[in-house]
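Report on the following structure.
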Amino acid sequence: MNAPLSAAALYDRVAHVVPKAEWLSFEDDIDAILRLKRERNAVILAHNYQTPEIFHGVADIVGDSLALAREATKVEADVIVLAGVHFMAETAKLLNPEKTVLIPDMGAGCSLADSITPEDIALLRQAHPGVPVVTYVNTSAAVKAASDICCTSGNAKRVVESLGVPKVLMLPDEYLAKNIARETDIELIAWHGHCEVHELFTAEDVREMRAAWPGVTIIAHPECPPDVVAEADFSGSTAGMSDYVGSAKPGRVVLLTECSMSDNVSVQHPDVDFVRPCNLCPHMKRISLANIRAALEENRHEVTVDPEIAADARRAVERMLAV
Ligand code: 13P
Ligand code: SF4
């Protein structure tokens with residue numbers, strides 16, 4: 001994605017999801033951020049759940065967790081600003097130990113990352129000797145360091161099957177593990193972590209949507225409960241959801257995921273009608289143009305990873321990227 005040159009020139013891109021009056025209130029911050037990026041030789045990596053003024057206004061690289069990790073290995077800039085949550089910034093730092101990695105708000109956490117500790121993994125290893133541990137990237141660097149390999153929702157099946165074993169500990173998202181278990185013969189032992197955004201969707205919601213909008217296509221993120229995914233037409237990572245809209249070109253679609261996804265995807269597919277029952281991620285929504293600007297102006301908040309754990313955590317991430 002090429003960064004735009006001025007906020008005003010950009011408006012056409014987002015016109016059908018952002019009212020002009022609202023955009024005018026963003027223009028000063030967007031122009032300042034574009035200038036600061038040039039001055040500081042910085043790039044902004046933004047997750048698909050960032051609001052359109054960030055996603056389409058100032059981001060240089062956008063994508064799902066897997067794409068952000070992959071792209072982080074190719075960054076040549078001196079400074080990376082991660083418009084997303086803390087585990088994503090930590091992953092970028094693991095892959096770029098020499099660069100400055102900033103997150104605009106240190107409080108941008110994740111209920112999945114908070115659900116498990118390295119001590120939990122040690123106990124699970126004792127209970128399941130010899131069973132490899134696959135951890136979702138939505139975890140702290142310390143948890144990654146305690147695991148054998150990472151995965152994302154975009155490559156989870158490929159990662160567990162790459163290990164060539166009949167049984168795998170797949171942590172910490174119970175629903176992701178159960179959804180992947182339906183697609184593979186490998187036995188997956190799950191943990192009890194949940195995404196606080198996706199766990200709110202129910203199979204009853206899916207049925208009500210089908211009744212309200214006959215013929216609607218329903219796409220669910222694999223962090224949704226398994227009965228929701230079972231009733232959806234397609235399930236995939238945030239990038240998978242976006243690609244599916246592009247290839248299936250449904251007339252009307254529901255994305256069972258975080259709210260900004262529909263705004264961002266609809267910019268690329270203005271002919272598709274997006275029905276918007278969605279849930280906000282309070283962590284992703286801590287990131288704003290104002291705090292991205294402050295991050296670049298004041299070099300805050302720098303993300304570091306304890307060198308004692310960085311090497312092992314990097315190994316788990318790099319092993320995933322090699323699959
Ligand atoms: P993906 O973008 O990898 O699908 O992950 C979704 C998510 O919840 C990130 O926080
Ligand atoms: Fe974590 Fe869920 Fe928010 Fe993603 S959407 S950052 S998994 S709480």
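Just remember, in the structure tokens the first chain shown is A, the second B, etc., residues are 1-based per chain, and ligands are 1-based in the order shown.
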List every residue of chain A that has an atom at most 10 Å from any atom of ligand 1, giving for each one its closest atom pair and the distance in Å to one decimal, counting only C-alpha atoms and all ligand atoms, sorted by chain and then by ascending residue number, as a tab-separated table.
residue	atom	partner	partner_atom_place_in_ligand_line	distance
A:His47	CA	ligand 1	2 (O)	6.7
A:Asn48	CA	ligand 1	2 (O)	6.4
A:Tyr49	CA	ligand 1	9 (C)	7.6
A:Val62	CA	ligand 1	2 (O)	9.9
A:Gly63	CA	ligand 1	2 (O)	6.7
A:Asp64	CA	ligand 1	2 (O)	3.3
A:Ser65	CA	ligand 1	3 (O)	3.8
A:Leu66	CA	ligand 1	3 (O)	5.7
A:Ala67	CA	ligand 1	3 (O)	8.0
A:Leu68	CA	ligand 1	2 (O)	8.7
A:Ala69	CA	ligand 1	3 (O)	9.7
A:Gly84	CA	ligand 1	10 (O)	7.7
A:Val85	CA	ligand 1	10 (O)	7.1
A:His86	CA	ligand 1	10 (O)	9.7
A:Phe87	CA	ligand 1	10 (O)	8.8
A:Met88	CA	ligand 1	10 (O)	8.3
A:Gly109	CA	ligand 1	10 (O)	9.3
A:Cys110	CA	ligand 1	10 (O)	7.2
A:Ser111	CA	ligand 1	10 (O)	9.4
A:Leu112	CA	ligand 1	10 (O)	8.8
A:Ala113	CA	ligand 1	10 (O)	9.7
A:Tyr136	CA	ligand 1	3 (O)	9.2
A:Val137	CA	ligand 1	3 (O)	8.2
A:Asn138	CA	ligand 1	10 (O)	6.7
A:Cys151	CA	ligand 1	3 (O)	9.1
A:Thr152	CA	ligand 1	3 (O)	5.4
A:Ser153	CA	ligand 1	3 (O)	5.2
A:Gly154	CA	ligand 1	3 (O)	6.0
A:Asn155	CA	ligand 1	3 (O)	9.0
A:Cys195	CA	ligand 1	8 (O)	7.2
A:Glu196	CA	ligand 1	8 (O)	9.5
A:Val197	CA	ligand 1	8 (O)	8.1
A:His198	CA	ligand 1	8 (O)	8.2
A:His221	CA	ligand 1	4 (O)	6.9
A:Pro222	CA	ligand 1	4 (O)	7.9
A:Glu223	CA	ligand 1	8 (O)	7.3
A:Gly236	CA	ligand 1	4 (O)	7.0
A:Ser237	CA	ligand 1	4 (O)	3.4
A:Thr238	CA	ligand 1	4 (O)	4.0
A:Ala239	CA	ligand 1	4 (O)	6.4
A:Gly240	CA	ligand 1	4 (O)	7.6
A:Met241	CA	ligand 1	4 (O)	8.4
A:Thr257	CA	ligand 1	8 (O)	8.2
A:Glu258	CA	ligand 1	8 (O)	8.0
A:Met261	CA	ligand 1	2 (O)	9.8
A:Cys281	CA	ligand 1	10 (O)	8.5
A:His283	CA	ligand 1	10 (O)	8.9
A:Met284	CA	ligand 1	10 (O)	7.8
As a PDB file with C-alpha atoms, in the first residue's frame, please: every residue in region 140-303 of chain A that DSSP puts in alpha helix (DSSP H).
ATOM      1  CA  ALA A 141       6.736 -12.843  23.949  1.00  0.00           C
ATOM      2  CA  ALA A 142       7.307 -14.846  27.160  1.00  0.00           C
ATOM      3  CA  VAL A 143       4.574 -17.315  26.162  1.00  0.00           C
ATOM      4  CA  LYS A 144       5.942 -17.531  22.616  1.00  0.00           C
ATOM      5  CA  ALA A 145       9.369 -18.301  24.095  1.00  0.00           C
ATOM      6  CA  ALA A 156      -3.087 -22.604  11.990  1.00  0.00           C
ATOM      7  CA  LYS A 157      -4.037 -25.773  10.080  1.00  0.00           C
ATOM      8  CA  ARG A 158      -0.815 -25.694   8.035  1.00  0.00           C
ATOM      9  CA  VAL A 159       1.290 -25.156  11.160  1.00  0.00           C
ATOM     10  CA  VAL A 160      -0.195 -28.028  13.199  1.00  0.00           C
ATOM     11  CA  GLU A 161       0.038 -30.365  10.197  1.00  0.00           C
ATOM     12  CA  SER A 162       3.658 -29.339   9.545  1.00  0.00           C
ATOM     13  CA  GLU A 174     -10.219 -22.664  22.708  1.00  0.00           C
ATOM     14  CA  TYR A 175     -12.468 -21.767  19.800  1.00  0.00           C
ATOM     15  CA  LEU A 176      -9.699 -21.472  17.220  1.00  0.00           C
ATOM     16  CA  ALA A 177      -8.421 -24.907  18.333  1.00  0.00           C
ATOM     17  CA  LYS A 178     -11.898 -26.430  18.101  1.00  0.00           C
ATOM     18  CA  ASN A 179     -12.566 -24.856  14.710  1.00  0.00           C
ATOM     19  CA  ILE A 180      -9.245 -26.121  13.320  1.00  0.00           C
ATOM     20  CA  ALA A 181      -9.841 -29.560  14.883  1.00  0.00           C
ATOM     21  CA  ALA A 203     -25.447 -19.291  16.413  1.00  0.00           C
ATOM     22  CA  GLU A 204     -28.792 -17.685  17.210  1.00  0.00           C
ATOM     23  CA  ASP A 205     -27.411 -14.383  15.807  1.00  0.00           C
ATOM     24  CA  VAL A 206     -26.529 -16.194  12.583  1.00  0.00           C
ATOM     25  CA  ARG A 207     -30.059 -17.616  12.259  1.00  0.00           C
ATOM     26  CA  GLU A 208     -31.631 -14.232  12.961  1.00  0.00           C
ATOM     27  CA  MET A 209     -29.479 -12.597  10.296  1.00  0.00           C
ATOM     28  CA  ARG A 210     -30.412 -15.208   7.718  1.00  0.00           C
ATOM     29  CA  ALA A 211     -34.089 -14.627   8.538  1.00  0.00           C
ATOM     30  CA  ALA A 212     -33.739 -10.839   8.366  1.00  0.00           C
ATOM     31  CA  PRO A 226     -17.562 -23.371  16.799  1.00  0.00           C
ATOM     32  CA  ASP A 227     -21.366 -23.406  16.444  1.00  0.00           C
ATOM     33  CA  VAL A 228     -21.172 -19.919  14.888  1.00  0.00           C
ATOM     34  CA  VAL A 229     -18.439 -20.994  12.458  1.00  0.00           C
ATOM     35  CA  ALA A 230     -20.415 -24.170  11.621  1.00  0.00           C
ATOM     36  CA  GLU A 231     -23.402 -22.086  10.530  1.00  0.00           C
ATOM     37  CA  THR A 238      -9.238 -11.147   8.615  1.00  0.00           C
ATOM     38  CA  ALA A 239      -7.245 -11.285   5.345  1.00  0.00           C
ATOM     39  CA  GLY A 240      -9.101 -14.480   4.381  1.00  0.00           C
ATOM     40  CA  MET A 241     -12.434 -12.744   5.025  1.00  0.00           C
ATOM     41  CA  SER A 242     -11.448  -9.797   2.857  1.00  0.00           C
ATOM     42  CA  ASP A 243     -10.184 -12.060   0.032  1.00  0.00           C
ATOM     43  CA  TYR A 244     -13.404 -14.078   0.164  1.00  0.00           C
ATOM     44  CA  VAL A 245     -15.506 -10.940  -0.334  1.00  0.00           C
ATOM     45  CA  GLY A 246     -13.288 -10.073  -3.328  1.00  0.00           C
ATOM     46  CA  SER A 247     -13.586 -13.481  -4.969  1.00  0.00           C
ATOM     47  CA  ALA A 248     -17.182 -14.512  -4.080  1.00  0.00           C
ATOM     48  CA  CYS A 259     -16.484  -3.418  13.452  1.00  0.00           C
ATOM     49  CA  SER A 260     -13.771  -1.636  11.455  1.00  0.00           C
ATOM     50  CA  MET A 261     -13.334  -4.657   9.162  1.00  0.00           C
ATOM     51  CA  SER A 262     -16.540  -3.914   7.274  1.00  0.00           C
ATOM     52  CA  ASP A 263     -15.604  -0.244   6.833  1.00  0.00           C
ATOM     53  CA  ASN A 264     -12.144  -1.095   5.532  1.00  0.00           C
ATOM     54  CA  VAL A 265     -13.237  -3.921   3.226  1.00  0.00           C
ATOM     55  CA  SER A 266     -16.174  -1.941   1.867  1.00  0.00           C
ATOM     56  CA  VAL A 267     -13.774   0.769   0.654  1.00  0.00           C
ATOM     57  CA  GLN A 268     -12.391  -1.848  -1.770  1.00  0.00           C
ATOM     58  CA  LEU A 289      -4.561   9.430  14.820  1.00  0.00           C
ATOM     59  CA  ALA A 290      -3.801  11.648  17.831  1.00  0.00           C
ATOM     60  CA  ASN A 291      -1.748   9.028  19.648  1.00  0.00           C
ATOM     61  CA  ILE A 292       0.001   7.864  16.439  1.00  0.00           C
ATOM     62  CA  ARG A 293       1.054  11.496  15.926  1.00  0.00           C
ATOM     63  CA  ALA A 294       2.212  11.731  19.546  1.00  0.00           C
ATOM     64  CA  ALA A 295       4.106   8.437  19.171  1.00  0.00           C
ATOM     65  CA  LEU A 296       6.123   9.880  16.289  1.00  0.00           C
ATOM     66  CA  GLU A 297       6.582  13.321  17.865  1.00  0.00           C
ATOM     67  CA  GLU A 298       7.637  12.059  21.280  1.00  0.00           C
TER      68      GLU A 298
END
*Would you work out the distance separating CA of Thr73 (chain A) from CA of Glu98 (chain A), expressed in Å to one decimal?*
11.9 Å
*Of the candidates A:Pro104, A:Gly193, A:Gly130, A:Pro214, which shows the shortest atom-to-atom distance to Asn299 (chain A), using only C-alpha atoms?*
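Among A:Pro104, A:Gly193, A:Gly130, A:Pro214, it is A:Pro104 that comes nearest to Asn299 (chain A).
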*asked:* Please list as a count of residues only every residue within 7 Å of Leu256 (chain A), counting only C-alpha atoms and excluding residues in the same chain fewer than 4 positions away.
replied: 4
*Going by DSSP on the backbone, which bits of region 165-274 of chain A are strand (DSSP E)? Write them as a PyMOL selection string, please.*
chain A and resi 167-171+187-190+217-220+234-235+252-256+273-274
*For ligand 2, which residue among A:Val75, A:Leu124, A:Leu200, A:Ile30 is the nearest when counting only C-alpha atoms and all ligand atoms?*
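Using only C-alpha atoms and all ligand atoms, ligand 2 sits closest to A:Leu200.
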*Which polymer residues have any atom within 10 Å of an atom of Val168 (chain A), counting only C-alpha atoms, with same-chain residues fewer than 5 positions away left out, as a count of residues only?*
15
*Counting only C-alpha atoms and all ligand atoms, which of A:Val254, A:Ala89, A:Val323, A:Ala77 gets nearest to ligand 2?*
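Closest to ligand 2 of all the choices is A:Ala89.
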*Expressed in Å to a single decimal, how great is the separation between CA of Ser147 (chain A) and CA of Gln126 (chain A)?*
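Taking CA of Ser147 (chain A) and CA of Gln126 (chain A), their separation equals 13.3 Å.
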*Would you mind telling me which residue in A:Leu171, A:Leu5, A:Val303, A:Ala146 lies nearest to Leu82 (chain A) when using only C-alpha atoms?*
A:Val303
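Of note, CA of Lys167 (chain A) and CA of Asp114 (chain A) are spaced 24.7 Å apart.
With only C-alpha atoms and all ligand atoms as the basis for measurement, A:Ala108 is the residue among A:Ile116, A:Ala108, A:Ile309, A:Ala122 that approaches ligand 2 most closely.
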